[in-house]
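> There's a structure below that I have some questions on.
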Amino acid sequence: MGGVYIRGTGESRPGSSLTVFQDGVPTVGSFFAHPLMDLNPIDFSETLEVVKSPRPRTVPNAFSAVEMTTWRQRDEGAAGEADVAYGRFSTLVGSLKAGVKEGPFDAAAGAAYRYSEGKRDHNTAELRNAFVRAGAELGENDYLTFIYHRAESKVEDPGPKGSPTPIRDRFDTDLDSYAVRLVSDHEYVQGSSLVYVTDGRIRWHKDHISDTNRNSPSGWSKTDWQTWGYRGLYDLCLSDFTLSLGLDEMVERGRTRTINEATGRATWEPGTKYDYLTSPYAGLRADFQTGEDWTLTPSVGARYHFMSDLHGEWAPAAALSFGRKEFGVFASYARAVHYPGLVFRANTTAWDELEAETMDTFTLGVRAAYEDLVKVHVAAFRNEIRDRFDLDAAGQYHNASDLKANGIEATVRVTPTEDLGVFVGATYTIPETAHVSRLPEATGVVGGSWRFLEYWHLDADVKYSSSMYAYSTRSADPSDLSKVPCYWTLNVRLACDLQAFSPLDGEIYLAGENVLNRRYEYFPDYEMPGAMVYVGVKLKF
């Protein structure tokens, strides 16, 4: 289980103000601008970062982002890892990856599979994904890599609680992603250039081809899209100053159609839609030494968005920090710009009247650390969203009312020994607009990791979310806004190193999610399955 709530922005359909990057490639369902988890498996992620506020420097056309990088074999020779687990509801999870490095060349590949029958009838889910990468070091300071990702999913919708079990209602997706990236790390120039192509499909088999009419016939919603793009960002280091120059270019093409299953005829087919977005960036940062180990760092930057058929928008940013290793204070301002996706062209009669939605974020915070024992980070923030996208009662996308919210967040990490670590994180948000979708007032997590008795490893966390509002069924009609109760869950994972009783490198583990079987839901009338228990083994070779 898990959710990502980004600093009090709220969310509504189509949920596109957050984007996901796989190795710098925006991997979303482009036509509907959905950052679907089905298209972004984490099985082979080497790093994962949540960008929780506007960052014009690296994140164009989104309020926030999740950035993932794919595993790479970095040491000489060959290595790999296999992981398989089985759990409740006939859940099977498995993955295999292997890589090799010889001199300046490296290569890696992997595949993963996930299956579960789910708690309810007509609730089966199946996910498959794979990757291939090949890289070459071009001298001491440049690295060229090619990465291919494949993601497939098949998910049955059991319908809202208390409704009849669906017959069809299955959502299938697949995505192919291709990327070539050159990373440079020279004395005076650091940065990267990326070119990419993605090709995706959605096949939604429905009991009713009209979501708002329960008497409509059965049918299909078929969507296809392609994206092409370039992303480049370079830092020029000039003494105490760093000049940053970047360019993002993305072209999208897609089409969708709704087909009556009985007649084979399209009931809605808006045709192929195109758009492009060009976003140059420039920034300047300075690092001034003001005393013993103290540094003053001001920075400014801006990105301008040229959008086909719609008005251009500026995304400026400025920040100031002052501190040293043990203590620091910081203040920042940044604007994010988000343009409507292709579905807006297909489902909006007044397309030319739309404006990009923007979010201005002001942040003031402090950080402190005592050696490696304690690290504390506290920040207050204010978000101001203008021209927020939403659906009206007629199913048309439009610029809805503005949204303002104030909040505070804090994280604390304590590492008393090399074998024990504890972390706490919490966010409290007060919106100035009532009943904002997907905006819990408070969220929090407390967890820890403990290695004991030489071979044993225990991880545990408790997650909490206060009550919030969310749109019911598949509509964003304001009348469908429902309250989702607060919840908390306990998750535990206990592992034992295989070397405790064998020569193998790896671990055997028992894991539980929501082990106290708490009842909760993210989406109205879609209750989560309760306690999930897995037993698994991981091997390294």
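How things are named: the first chain in the structure tokens is A, the next is B, and so on; residues count from 1 in each chain; ligands count from 1 in the order shown.
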I need the residues of range 134-382 of chain A that end up classed as helix (DSSP H, G or I) by DSSP on the backbone, written out as a short mmCIF file (atom, residue, chain, number, x, y, z; two decimals) with N, CA and C atoms, in the first residue's frame.


```cif
data_model
loop_
_atom_site.label_atom_id
_atom_site.label_comp_id
_atom_site.auth_asym_id
_atom_site.auth_seq_id
_atom_site.Cartn_x
_atom_site.Cartn_y
_atom_site.Cartn_z
N LEU A 342 -3.71 16.00 -24.20
CA LEU A 342 -4.44 15.82 -25.45
C LEU A 342 -5.93 15.59 -25.22
N VAL A 343 -6.31 15.00 -24.09
CA VAL A 343 -7.72 14.74 -23.84
C VAL A 343 -8.51 16.04 -23.75
N PHE A 344 -7.86 17.12 -23.33
CA PHE A 344 -8.56 18.39 -23.24
C PHE A 344 -8.98 18.87 -24.64
N ARG A 345 -8.12 18.63 -25.62
CA ARG A 345 -8.47 19.00 -27.00
C ARG A 345 -9.67 18.19 -27.48
N ALA A 346 -9.72 16.93 -27.05
CA ALA A 346 -10.78 16.05 -27.54
C ALA A 346 -12.09 16.24 -26.79
N TRP A 351 -11.64 24.93 -26.23
CA TRP A 351 -10.22 24.65 -26.04
C TRP A 351 -9.37 25.92 -26.03
N ASP A 352 -9.62 26.84 -26.97
CA ASP A 352 -8.79 28.03 -27.09
C ASP A 352 -8.93 28.98 -25.91
N GLU A 353 -9.95 28.77 -25.08
CA GLU A 353 -10.14 29.65 -23.93
C GLU A 353 -9.42 29.14 -22.68
#
```

> With only C-alpha atoms counted and 12 Å as the cut-off, give the residues of range 297-382 of chain A in contact with range 64-76 of chain A, each with its shortest interatomic distance in Å and the pair that gives it, as JSON lines.


```
{"residue": "A:Ala334", "atom": "CA", "partner": "A:Ser64", "partner_atom": "CA", "distance": 11.5}
{"residue": "A:Arg335", "atom": "CA", "partner": "A:Ser64", "partner_atom": "CA", "distance": 10.8}
{"residue": "A:Ala336", "atom": "CA", "partner": "A:Ser64", "partner_atom": "CA", "distance": 8.2}
{"residue": "A:Val337", "atom": "CA", "partner": "A:Ser64", "partner_atom": "CA", "distance": 10.1}
{"residue": "A:His338", "atom": "CA", "partner": "A:Ser64", "partner_atom": "CA", "distance": 10.0}
{"residue": "A:Thr358", "atom": "CA", "partner": "A:Ser64", "partner_atom": "CA", "distance": 11.7}
{"residue": "A:Met359", "atom": "CA", "partner": "A:Ser64", "partner_atom": "CA", "distance": 10.1}
{"residue": "A:Asp360", "atom": "CA", "partner": "A:Ser64", "partner_atom": "CA", "distance": 11.9}
{"residue": "A:Thr361", "atom": "CA", "partner": "A:Ser64", "partner_atom": "CA", "distance": 11.2}
```

> Could you check which of A:Ala350, A:Ala78, A:Val50, A:Met528 is closest to Asn123 in chain A, using only C-alpha atoms?

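Going through A:Ala350, A:Ala78, A:Val50, A:Met528 one by one, the smallest distance to Asn123 in chain A is for A:Met528.
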
> When distances are computed from only C-alpha atoms, which of A:Ser332, A:Thr290, A:Thr278, A:Gln22 shows the smallest separation from Tyr196 in chain A?

A:Gln22

> For Gly94 in chain A, find every residue with an atom within 8 Å (counting only C-alpha atoms), except residues of its own chain fewer than 5 positions away, and show them as a VMD selection string.

chain A and resid 82 to 85 112 to 114

> Using only C-alpha atoms, please write the residues we just selected to a file, as a short mmCIF file (atom, residue, chain, number, x, y, z; two decimals), in the first residue's frame.


```
data_model
loop_
_atom_site.label_atom_id
_atom_site.label_comp_id
_atom_site.auth_asym_id
_atom_site.auth_seq_id
_atom_site.Cartn_x
_atom_site.Cartn_y
_atom_site.Cartn_z
CA ALA A 82 16.57 -12.82 -8.11
CA ASP A 83 13.58 -12.21 -5.85
CA VAL A 84 10.37 -14.22 -5.50
CA ALA A 85 7.54 -13.98 -2.95
CA ALA A 112 9.55 -8.81 -13.37
CA TYR A 113 6.08 -10.26 -12.85
CA ARG A 114 3.28 -9.49 -10.39
#
```

> Which of range 82-330 of chain A counts as strand (DSSP E) under DSSP, as a ChimeraX atom specification please?

/A:82-87,91-102,105-116,125-137,142-156,170-185,189-206,219-238,241-260,266-268,273-286,288-291,294-307,313-323,327-330

> Neighbours of Leu243 in chain A within 9 Å (only C-alpha atoms; same-chain residues fewer than 2 positions away dropped), as JSON, numbers by chain?

{"A": [234, 235, 236, 237, 238, 241, 245, 282, 283, 284, 285, 286]}

> What lies within 9 Å of Pro431 in chain A using only C-alpha atoms, ignoring chain neighbours under 5 positions off, as a list in words?

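So, after excluding close chain neighbours, the residues are Gly8, Thr9, Leu403, Lys404, Ala405, Asn406, Gly407, Val436, Leu439 and Glu441 of chain A.
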
> Just how far from CA of Glu81 in chain A is CA of Lys538 in chain A, in Å to one decimal?

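Here the two named atoms are 7.2 Å from each other.
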
> May I ask which of the residues A:Gly29, A:Gly77, A:Pro56, A:Pro166 is the closest one to Gly341 in chain A, counting only C-alpha atoms?

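Of all the options, A:Gly29 lies closest to Gly341 in chain A.
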
> Out of A:Lys540, A:His435, A:His149, A:Arg181, which residue has the shortest atom-to-atom distance to Leu233 in chain A when counting only C-alpha atoms?

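Under the stated criterion, the closest residue is A:Arg181.
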
> Give the answer as one residue: which of A:Gly246, A:Gly536, A:Gly159, A:Pro485 has the shortest atom-to-atom distance to Gly87 in chain A, using only C-alpha atoms?

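Using only C-alpha atoms, Gly87 in chain A sits closest to A:Gly536.
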
> Using CA of His122 in chain A and CA of His205 in chain A as the two end points, give the distance in Å to one decimal.

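Distance reported for this atom pair: 13.1 Å.
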